[in-house]
Amino acid sequence: QDAVVLAAADPAQPYGAALPWPDPLGEGKHRPARKAGALAVLVDGTPALYVERGGKSLLSFTDDDPTLRTAANALSRAVRDGWLGQLAVQRADGEVALTSHLATVLQEAGFRATPKGLRLRA
């Protein structure tokens with residue numbers, strides 16, 4: 001699988017403009033949008049993760065573990081390569097990040113548990 005991390009408002013990222021966003025998992029009230037500072041992680045051209053501006057909240061669009069692992073690893077590379085300074089995810093799909101279904105996937109990609117959530121630094 002091929003993954004790419006793009007700014008949600010990037011013209012190369014078609015979701016929210018030419019294509020509708022898929023429904024995110026979970027029952028949170030947050031919705032993806034083409035906002036400055038937000039990120040979209042596409043796996044094989046399909047949205048897998050959405051990082052809200054500030055990185056405190058994360059949305060997923062699939063429960064397929066291989067796809068989520070690919071997306072989380074791409075997000076981790078973006079941080080480690082210096083494209084993003086750090087990410088400190090507090091909520092995932094409307095849940096506390098540490099106890100969400102994404103916690104294991106993010107930790108496998110290098111995120112570390114902190115009292116406030118899951119953090120990854122460059």
# chains A, B, ... in the order shown; residues from 1 in each chain; ligands from 1
>>> residues_around(residues="segment 44-61 of chain A", least_positions_apart="5", cutoff="6 Å", atoms="only C-alpha atoms", output="list in words")
Asp2, Pro24, Leu25, Gly37, Ala38, Leu39, Leu87, Ala88, Val89, Gln90, Arg91, Ala92 and Asp93 of chain A
>>> write_last_selection(atoms="N, CA, C and O atoms", output="mmCIF file, in the first residue's frame")
data_model
loop_
_atom_site.group_PDB
_atom_site.id
_atom_site.type_symbol
_atom_site.label_atom_id
_atom_site.label_comp_id
_atom_site.auth_asym_id
_atom_site.auth_seq_id
_atom_site.Cartn_x
_atom_site.Cartn_y
_atom_site.Cartn_z
ATOM 1 N N ASP A 2 0.405 2.263 -0.661
ATOM 2 C CA ASP A 2 1.133 3.521 -0.775
ATOM 3 C C ASP A 2 0.376 4.585 0.004
ATOM 4 O O ASP A 2 -0.827 4.739 -0.155
ATOM 5 N N PRO A 24 -16.470 9.332 8.936
ATOM 6 C CA PRO A 24 -15.466 8.853 9.894
ATOM 7 C C PRO A 24 -16.066 7.817 10.830
ATOM 8 O O PRO A 24 -17.284 7.782 11.048
ATOM 9 N N LEU A 25 -15.207 6.975 11.389
ATOM 10 C CA LEU A 25 -15.647 5.979 12.360
ATOM 11 C C LEU A 25 -15.903 6.663 13.696
ATOM 12 O O LEU A 25 -15.471 7.784 13.924
ATOM 13 N N GLY A 37 -4.050 23.848 8.345
ATOM 14 C CA GLY A 37 -3.460 23.192 9.500
ATOM 15 C C GLY A 37 -3.899 21.759 9.708
ATOM 16 O O GLY A 37 -3.265 21.023 10.457
ATOM 17 N N ALA A 38 -4.965 21.328 9.057
ATOM 18 C CA ALA A 38 -5.420 19.944 9.169
ATOM 19 C C ALA A 38 -4.668 19.094 8.140
ATOM 20 O O ALA A 38 -4.185 19.601 7.125
ATOM 21 N N LEU A 39 -4.578 17.797 8.420
ATOM 22 C CA LEU A 39 -3.869 16.867 7.536
ATOM 23 C C LEU A 39 -4.765 15.711 7.140
ATOM 24 O O LEU A 39 -5.600 15.265 7.930
ATOM 25 N N LEU A 87 3.304 15.605 17.136
ATOM 26 C CA LEU A 87 1.867 15.377 17.229
ATOM 27 C C LEU A 87 1.567 14.896 18.638
ATOM 28 O O LEU A 87 2.278 14.046 19.171
ATOM 29 N N ALA A 88 0.548 15.443 19.241
ATOM 30 C CA ALA A 88 0.103 15.033 20.567
ATOM 31 C C ALA A 88 -1.398 14.769 20.476
ATOM 32 O O ALA A 88 -2.221 15.660 20.670
ATOM 33 N N VAL A 89 -1.758 13.553 20.150
ATOM 34 C CA VAL A 89 -3.151 13.163 19.918
ATOM 35 C C VAL A 89 -3.832 12.867 21.257
ATOM 36 O O VAL A 89 -3.393 11.988 21.997
ATOM 37 N N GLN A 90 -4.878 13.611 21.540
ATOM 38 C CA GLN A 90 -5.626 13.417 22.788
ATOM 39 C C GLN A 90 -6.921 12.641 22.571
ATOM 40 O O GLN A 90 -7.380 11.934 23.452
ATOM 41 N N ARG A 91 -7.514 12.804 21.362
ATOM 42 C CA ARG A 91 -8.774 12.131 21.054
ATOM 43 C C ARG A 91 -8.658 11.444 19.694
ATOM 44 O O ARG A 91 -8.059 11.984 18.778
ATOM 45 N N ALA A 92 -9.267 10.268 19.599
ATOM 46 C CA ALA A 92 -9.292 9.527 18.341
ATOM 47 C C ALA A 92 -10.704 8.990 18.136
ATOM 48 O O ALA A 92 -11.221 8.256 18.991
ATOM 49 N N ASP A 93 -11.321 9.407 17.059
ATOM 50 C CA ASP A 93 -12.699 8.997 16.738
ATOM 51 C C ASP A 93 -13.654 9.261 17.895
ATOM 52 O O ASP A 93 -14.524 8.451 18.206
#
>>> select_by_dssp(residues="segment 5-112 of chain A", states="strand (DSSP E or B)", output="list in words")
Val5, Leu6, Ala7, Tyr15, Leu19, Leu39, Ala40, Val41, Leu42, Val43, Thr46, Pro47, Ala48, Leu49, Tyr50, Val51, Ser57, Leu58, Leu59, Ser60, Gln86, Leu87, Ala88, Val89, Arg91, Ala92, Glu95, Val96 and Arg112 of chain A
>>> write_last_selection(atoms="N, CA, C and O atoms", output="tab-separated table (two decimals), in the first residue's frame")
chain	number	residue	atom	x	y	z
A	5	VAL	N	0.88	11.87	3.12
A	5	VAL	CA	0.32	12.83	4.08
A	5	VAL	C	0.25	14.18	3.37
A	5	VAL	O	1.26	14.67	2.88
A	6	LEU	N	-0.94	14.74	3.32
A	6	LEU	CA	-1.15	16.03	2.65
A	6	LEU	C	-1.88	16.99	3.56
A	6	LEU	O	-2.66	16.57	4.42
A	7	ALA	N	-1.64	18.26	3.36
A	7	ALA	CA	-2.48	19.26	4.02
A	7	ALA	C	-3.91	19.05	3.53
A	7	ALA	O	-4.13	18.80	2.34
A	15	TYR	N	-10.50	15.37	-1.48
A	15	TYR	CA	-11.65	15.17	-0.60
A	15	TYR	C	-12.10	16.48	0.04
A	15	TYR	O	-11.30	17.29	0.45
A	19	LEU	N	-14.43	15.49	-4.30
A	19	LEU	CA	-15.01	14.25	-3.79
A	19	LEU	C	-15.50	14.46	-2.36
A	19	LEU	O	-14.86	15.19	-1.60
A	39	LEU	N	-4.58	17.80	8.42
A	39	LEU	CA	-3.87	16.87	7.54
A	39	LEU	C	-4.77	15.71	7.14
A	39	LEU	O	-5.60	15.27	7.93
A	40	ALA	N	-4.57	15.22	5.94
A	40	ALA	CA	-5.25	14.02	5.47
A	40	ALA	C	-4.17	13.00	5.10
A	40	ALA	O	-3.19	13.34	4.45
A	41	VAL	N	-4.36	11.77	5.55
A	41	VAL	CA	-3.45	10.68	5.19
A	41	VAL	C	-4.22	9.77	4.24
A	41	VAL	O	-5.22	9.16	4.63
A	42	LEU	N	-3.78	9.74	3.00
A	42	LEU	CA	-4.42	8.92	1.98
A	42	LEU	C	-3.61	7.64	1.78
A	42	LEU	O	-2.39	7.69	1.66
A	43	VAL	N	-4.29	6.52	1.74
A	43	VAL	CA	-3.66	5.23	1.47
A	43	VAL	C	-4.26	4.72	0.17
A	43	VAL	O	-5.47	4.54	0.07
A	46	THR	N	-7.19	6.81	-1.01
A	46	THR	CA	-8.41	6.86	-0.21
A	46	THR	C	-8.08	7.37	1.19
A	46	THR	O	-7.10	6.92	1.79
A	47	PRO	N	-8.89	8.26	1.75
A	47	PRO	CA	-8.61	8.76	3.10
A	47	PRO	C	-8.63	7.63	4.13
A	47	PRO	O	-9.55	6.82	4.16
A	48	ALA	N	-7.58	7.60	4.95
A	48	ALA	CA	-7.52	6.63	6.04
A	48	ALA	C	-7.56	7.35	7.38
A	48	ALA	O	-8.25	6.91	8.29
A	49	LEU	N	-6.83	8.48	7.49
A	49	LEU	CA	-6.79	9.26	8.73
A	49	LEU	C	-6.92	10.74	8.41
A	49	LEU	O	-6.52	11.20	7.34
A	50	TYR	N	-7.47	11.47	9.36
A	50	TYR	CA	-7.59	12.92	9.27
A	50	TYR	C	-7.12	13.47	10.61
A	50	TYR	O	-7.59	13.06	11.67
A	51	VAL	N	-6.15	14.38	10.57
A	51	VAL	CA	-5.62	15.01	11.76
A	51	VAL	C	-6.13	16.44	11.79
A	51	VAL	O	-5.85	17.22	10.89
A	57	SER	N	-6.76	15.94	17.79
A	57	SER	CA	-7.86	15.05	17.47
A	57	SER	C	-7.61	14.35	16.14
A	57	SER	O	-7.13	14.97	15.19
A	58	LEU	N	-7.93	13.07	16.11
A	58	LEU	CA	-7.68	12.25	14.94
A	58	LEU	C	-8.96	11.52	14.57
A	58	LEU	O	-9.69	11.05	15.44
A	59	LEU	N	-9.25	11.46	13.27
A	59	LEU	CA	-10.39	10.71	12.77
A	59	LEU	C	-9.89	9.61	11.86
A	59	LEU	O	-8.92	9.80	11.12
A	60	SER	N	-10.55	8.47	11.89
A	60	SER	CA	-10.21	7.40	10.96
A	60	SER	C	-11.43	7.10	10.09
A	60	SER	O	-12.57	7.33	10.49
A	86	GLN	N	5.73	17.97	15.95
A	86	GLN	CA	5.29	16.90	16.82
A	86	GLN	C	3.79	16.74	16.69
A	86	GLN	O	3.10	17.62	16.19
A	87	LEU	N	3.30	15.60	17.14
A	87	LEU	CA	1.87	15.38	17.23
A	87	LEU	C	1.57	14.90	18.64
A	87	LEU	O	2.28	14.05	19.17
A	88	ALA	N	0.55	15.44	19.24
A	88	ALA	CA	0.10	15.03	20.57
A	88	ALA	C	-1.40	14.77	20.48
A	88	ALA	O	-2.22	15.66	20.67
A	89	VAL	N	-1.76	13.55	20.15
A	89	VAL	CA	-3.15	13.16	19.92
A	89	VAL	C	-3.83	12.87	21.26
A	89	VAL	O	-3.39	11.99	22.00
A	91	ARG	N	-7.51	12.80	21.36
A	91	ARG	CA	-8.77	12.13	21.05
A	91	ARG	C	-8.66	11.44	19.69
A	91	ARG	O	-8.06	11.98	18.78
A	92	ALA	N	-9.27	10.27	19.60
A	92	ALA	CA	-9.29	9.53	18.34
A	92	ALA	C	-10.70	8.99	18.14
A	92	ALA	O	-11.22	8.26	18.99
A	95	GLU	N	-13.04	9.32	21.06
A	95	GLU	CA	-12.67	8.66	22.30
A	95	GLU	C	-11.35	9.21	22.83
A	95	GLU	O	-10.60	9.85	22.09
A	96	VAL	N	-11.05	8.92	24.07
A	96	VAL	CA	-9.74	9.24	24.62
A	96	VAL	C	-8.72	8.42	23.83
A	96	VAL	O	-8.88	7.21	23.66
A	112	ARG	N	4.19	7.60	21.69
A	112	ARG	CA	4.39	7.20	23.08
A	112	ARG	C	3.24	7.71	23.94
A	112	ARG	O	2.76	8.82	23.76
>>> atom_distance(atom1="atom CA of Trp83 of chain A", atom2="atom CA of Ser100 of chain A")
25.6 Å
>>> residues_around(residues="Ala122 of chain A", least_positions_apart="4", cutoff="9 Å", atoms="only C-alpha atoms", output="NGL selection string")
:A and (76-86)
>>> select_by_dssp(residues="segment 1-119 of chain A", states="alpha helix (DSSP H)", output="ChimeraX atom specification")
/A:65-80,103-108
>>> write_last_selection(atoms="N, CA and C atoms", output="PDB file, in the first residue's frame")
ATOM      1  N   ASP A  65      -6.987  -2.906   9.701  1.00  0.00           N
ATOM      2  CA  ASP A  65      -5.708  -2.723  10.390  1.00  0.00           C
ATOM      3  C   ASP A  65      -4.522  -2.482   9.463  1.00  0.00           C
ATOM      4  N   PRO A  66      -4.344  -3.232   8.371  1.00  0.00           N
ATOM      5  CA  PRO A  66      -3.200  -2.950   7.498  1.00  0.00           C
ATOM      6  C   PRO A  66      -3.240  -1.525   6.920  1.00  0.00           C
ATOM      7  N   THR A  67      -4.410  -1.051   6.575  1.00  0.00           N
ATOM      8  CA  THR A  67      -4.544   0.309   6.045  1.00  0.00           C
ATOM      9  C   THR A  67      -4.227   1.329   7.131  1.00  0.00           C
ATOM     10  N   LEU A  68      -4.737   1.116   8.330  1.00  0.00           N
ATOM     11  CA  LEU A  68      -4.456   2.035   9.434  1.00  0.00           C
ATOM     12  C   LEU A  68      -2.976   2.037   9.800  1.00  0.00           C
ATOM     13  N   ARG A  69      -2.345   0.873   9.763  1.00  0.00           N
ATOM     14  CA  ARG A  69      -0.900   0.802  10.058  1.00  0.00           C
ATOM     15  C   ARG A  69      -0.103   1.576   9.006  1.00  0.00           C
ATOM     16  N   THR A  70      -0.470   1.411   7.757  1.00  0.00           N
ATOM     17  CA  THR A  70       0.208   2.135   6.680  1.00  0.00           C
ATOM     18  C   THR A  70       0.052   3.635   6.874  1.00  0.00           C
ATOM     19  N   ALA A  71      -1.146   4.077   7.205  1.00  0.00           N
ATOM     20  CA  ALA A  71      -1.412   5.506   7.415  1.00  0.00           C
ATOM     21  C   ALA A  71      -0.656   6.028   8.632  1.00  0.00           C
ATOM     22  N   ALA A  72      -0.675   5.286   9.736  1.00  0.00           N
ATOM     23  CA  ALA A  72       0.019   5.716  10.951  1.00  0.00           C
ATOM     24  C   ALA A  72       1.525   5.794  10.712  1.00  0.00           C
ATOM     25  N   ASN A  73       2.071   4.860   9.961  1.00  0.00           N
ATOM     26  CA  ASN A  73       3.505   4.895   9.650  1.00  0.00           C
ATOM     27  C   ASN A  73       3.849   6.092   8.767  1.00  0.00           C
ATOM     28  N   ALA A  74       2.976   6.437   7.843  1.00  0.00           N
ATOM     29  CA  ALA A  74       3.204   7.621   7.001  1.00  0.00           C
ATOM     30  C   ALA A  74       3.172   8.884   7.852  1.00  0.00           C
ATOM     31  N   LEU A  75       2.251   8.948   8.776  1.00  0.00           N
ATOM     32  CA  LEU A  75       2.158  10.093   9.685  1.00  0.00           C
ATOM     33  C   LEU A  75       3.417  10.177  10.555  1.00  0.00           C
ATOM     34  N   SER A  76       3.873   9.049  11.036  1.00  0.00           N
ATOM     35  CA  SER A  76       5.094   8.992  11.837  1.00  0.00           C
ATOM     36  C   SER A  76       6.305   9.465  11.029  1.00  0.00           C
ATOM     37  N   ARG A  77       6.408   9.034   9.782  1.00  0.00           N
ATOM     38  CA  ARG A  77       7.516   9.487   8.918  1.00  0.00           C
ATOM     39  C   ARG A  77       7.476  10.993   8.708  1.00  0.00           C
ATOM     40  N   ALA A  78       6.270  11.546   8.547  1.00  0.00           N
ATOM     41  CA  ALA A  78       6.140  12.994   8.350  1.00  0.00           C
ATOM     42  C   ALA A  78       6.679  13.753   9.554  1.00  0.00           C
ATOM     43  N   VAL A  79       6.444  13.233  10.751  1.00  0.00           N
ATOM     44  CA  VAL A  79       6.965  13.866  11.960  1.00  0.00           C
ATOM     45  C   VAL A  79       8.474  13.687  12.024  1.00  0.00           C
ATOM     46  N   ARG A  80       8.943  12.480  11.845  1.00  0.00           N
ATOM     47  CA  ARG A  80      10.374  12.180  11.966  1.00  0.00           C
ATOM     48  C   ARG A  80      11.210  12.863  10.892  1.00  0.00           C
ATOM     49  N   ALA A 103      -5.113   3.309  19.431  1.00  0.00           N
ATOM     50  CA  ALA A 103      -3.966   3.413  20.342  1.00  0.00           C
ATOM     51  C   ALA A 103      -2.847   2.446  19.968  1.00  0.00           C
ATOM     52  N   THR A 104      -3.169   1.195  19.753  1.00  0.00           N
ATOM     53  CA  THR A 104      -2.142   0.201  19.430  1.00  0.00           C
ATOM     54  C   THR A 104      -1.477   0.513  18.104  1.00  0.00           C
ATOM     55  N   VAL A 105      -2.265   0.877  17.106  1.00  0.00           N
ATOM     56  CA  VAL A 105      -1.716   1.194  15.781  1.00  0.00           C
ATOM     57  C   VAL A 105      -0.759   2.378  15.870  1.00  0.00           C
ATOM     58  N   LEU A 106      -1.139   3.413  16.600  1.00  0.00           N
ATOM     59  CA  LEU A 106      -0.286   4.588  16.737  1.00  0.00           C
ATOM     60  C   LEU A 106       0.977   4.267  17.530  1.00  0.00           C
ATOM     61  N   GLN A 107       0.858   3.472  18.578  1.00  0.00           N
ATOM     62  CA  GLN A 107       2.032   3.100  19.360  1.00  0.00           C
ATOM     63  C   GLN A 107       2.996   2.250  18.543  1.00  0.00           C
ATOM     64  N   GLU A 108       2.485   1.372  17.698  1.00  0.00           N
ATOM     65  CA  GLU A 108       3.345   0.584  16.823  1.00  0.00           C
ATOM     66  C   GLU A 108       4.095   1.471  15.832  1.00  0.00           C
TER      67      GLU A 108
END
>>> closest_residue(among="A:Ala8, A:Ala17, A:Leu98, A:Thr62", to="Pro32 of chain A", atoms="only C-alpha atoms")
A:Ala8
>>> atom_distance(atom1="atom CA of Pro14 of chain A", atom2="atom CA of Leu120 of chain A")
27.1 Å
>>> atom_distance(atom1="atom CA of Leu102 of chain A", atom2="atom CA of Thr114 of chain A")
15.0 Å
>>> closest_residue(among="A:Gly28, A:Gly117, A:Pro20, A:Gly110", to="Ala97 of chain A", atoms="only C-alpha atoms")
A:Gly117
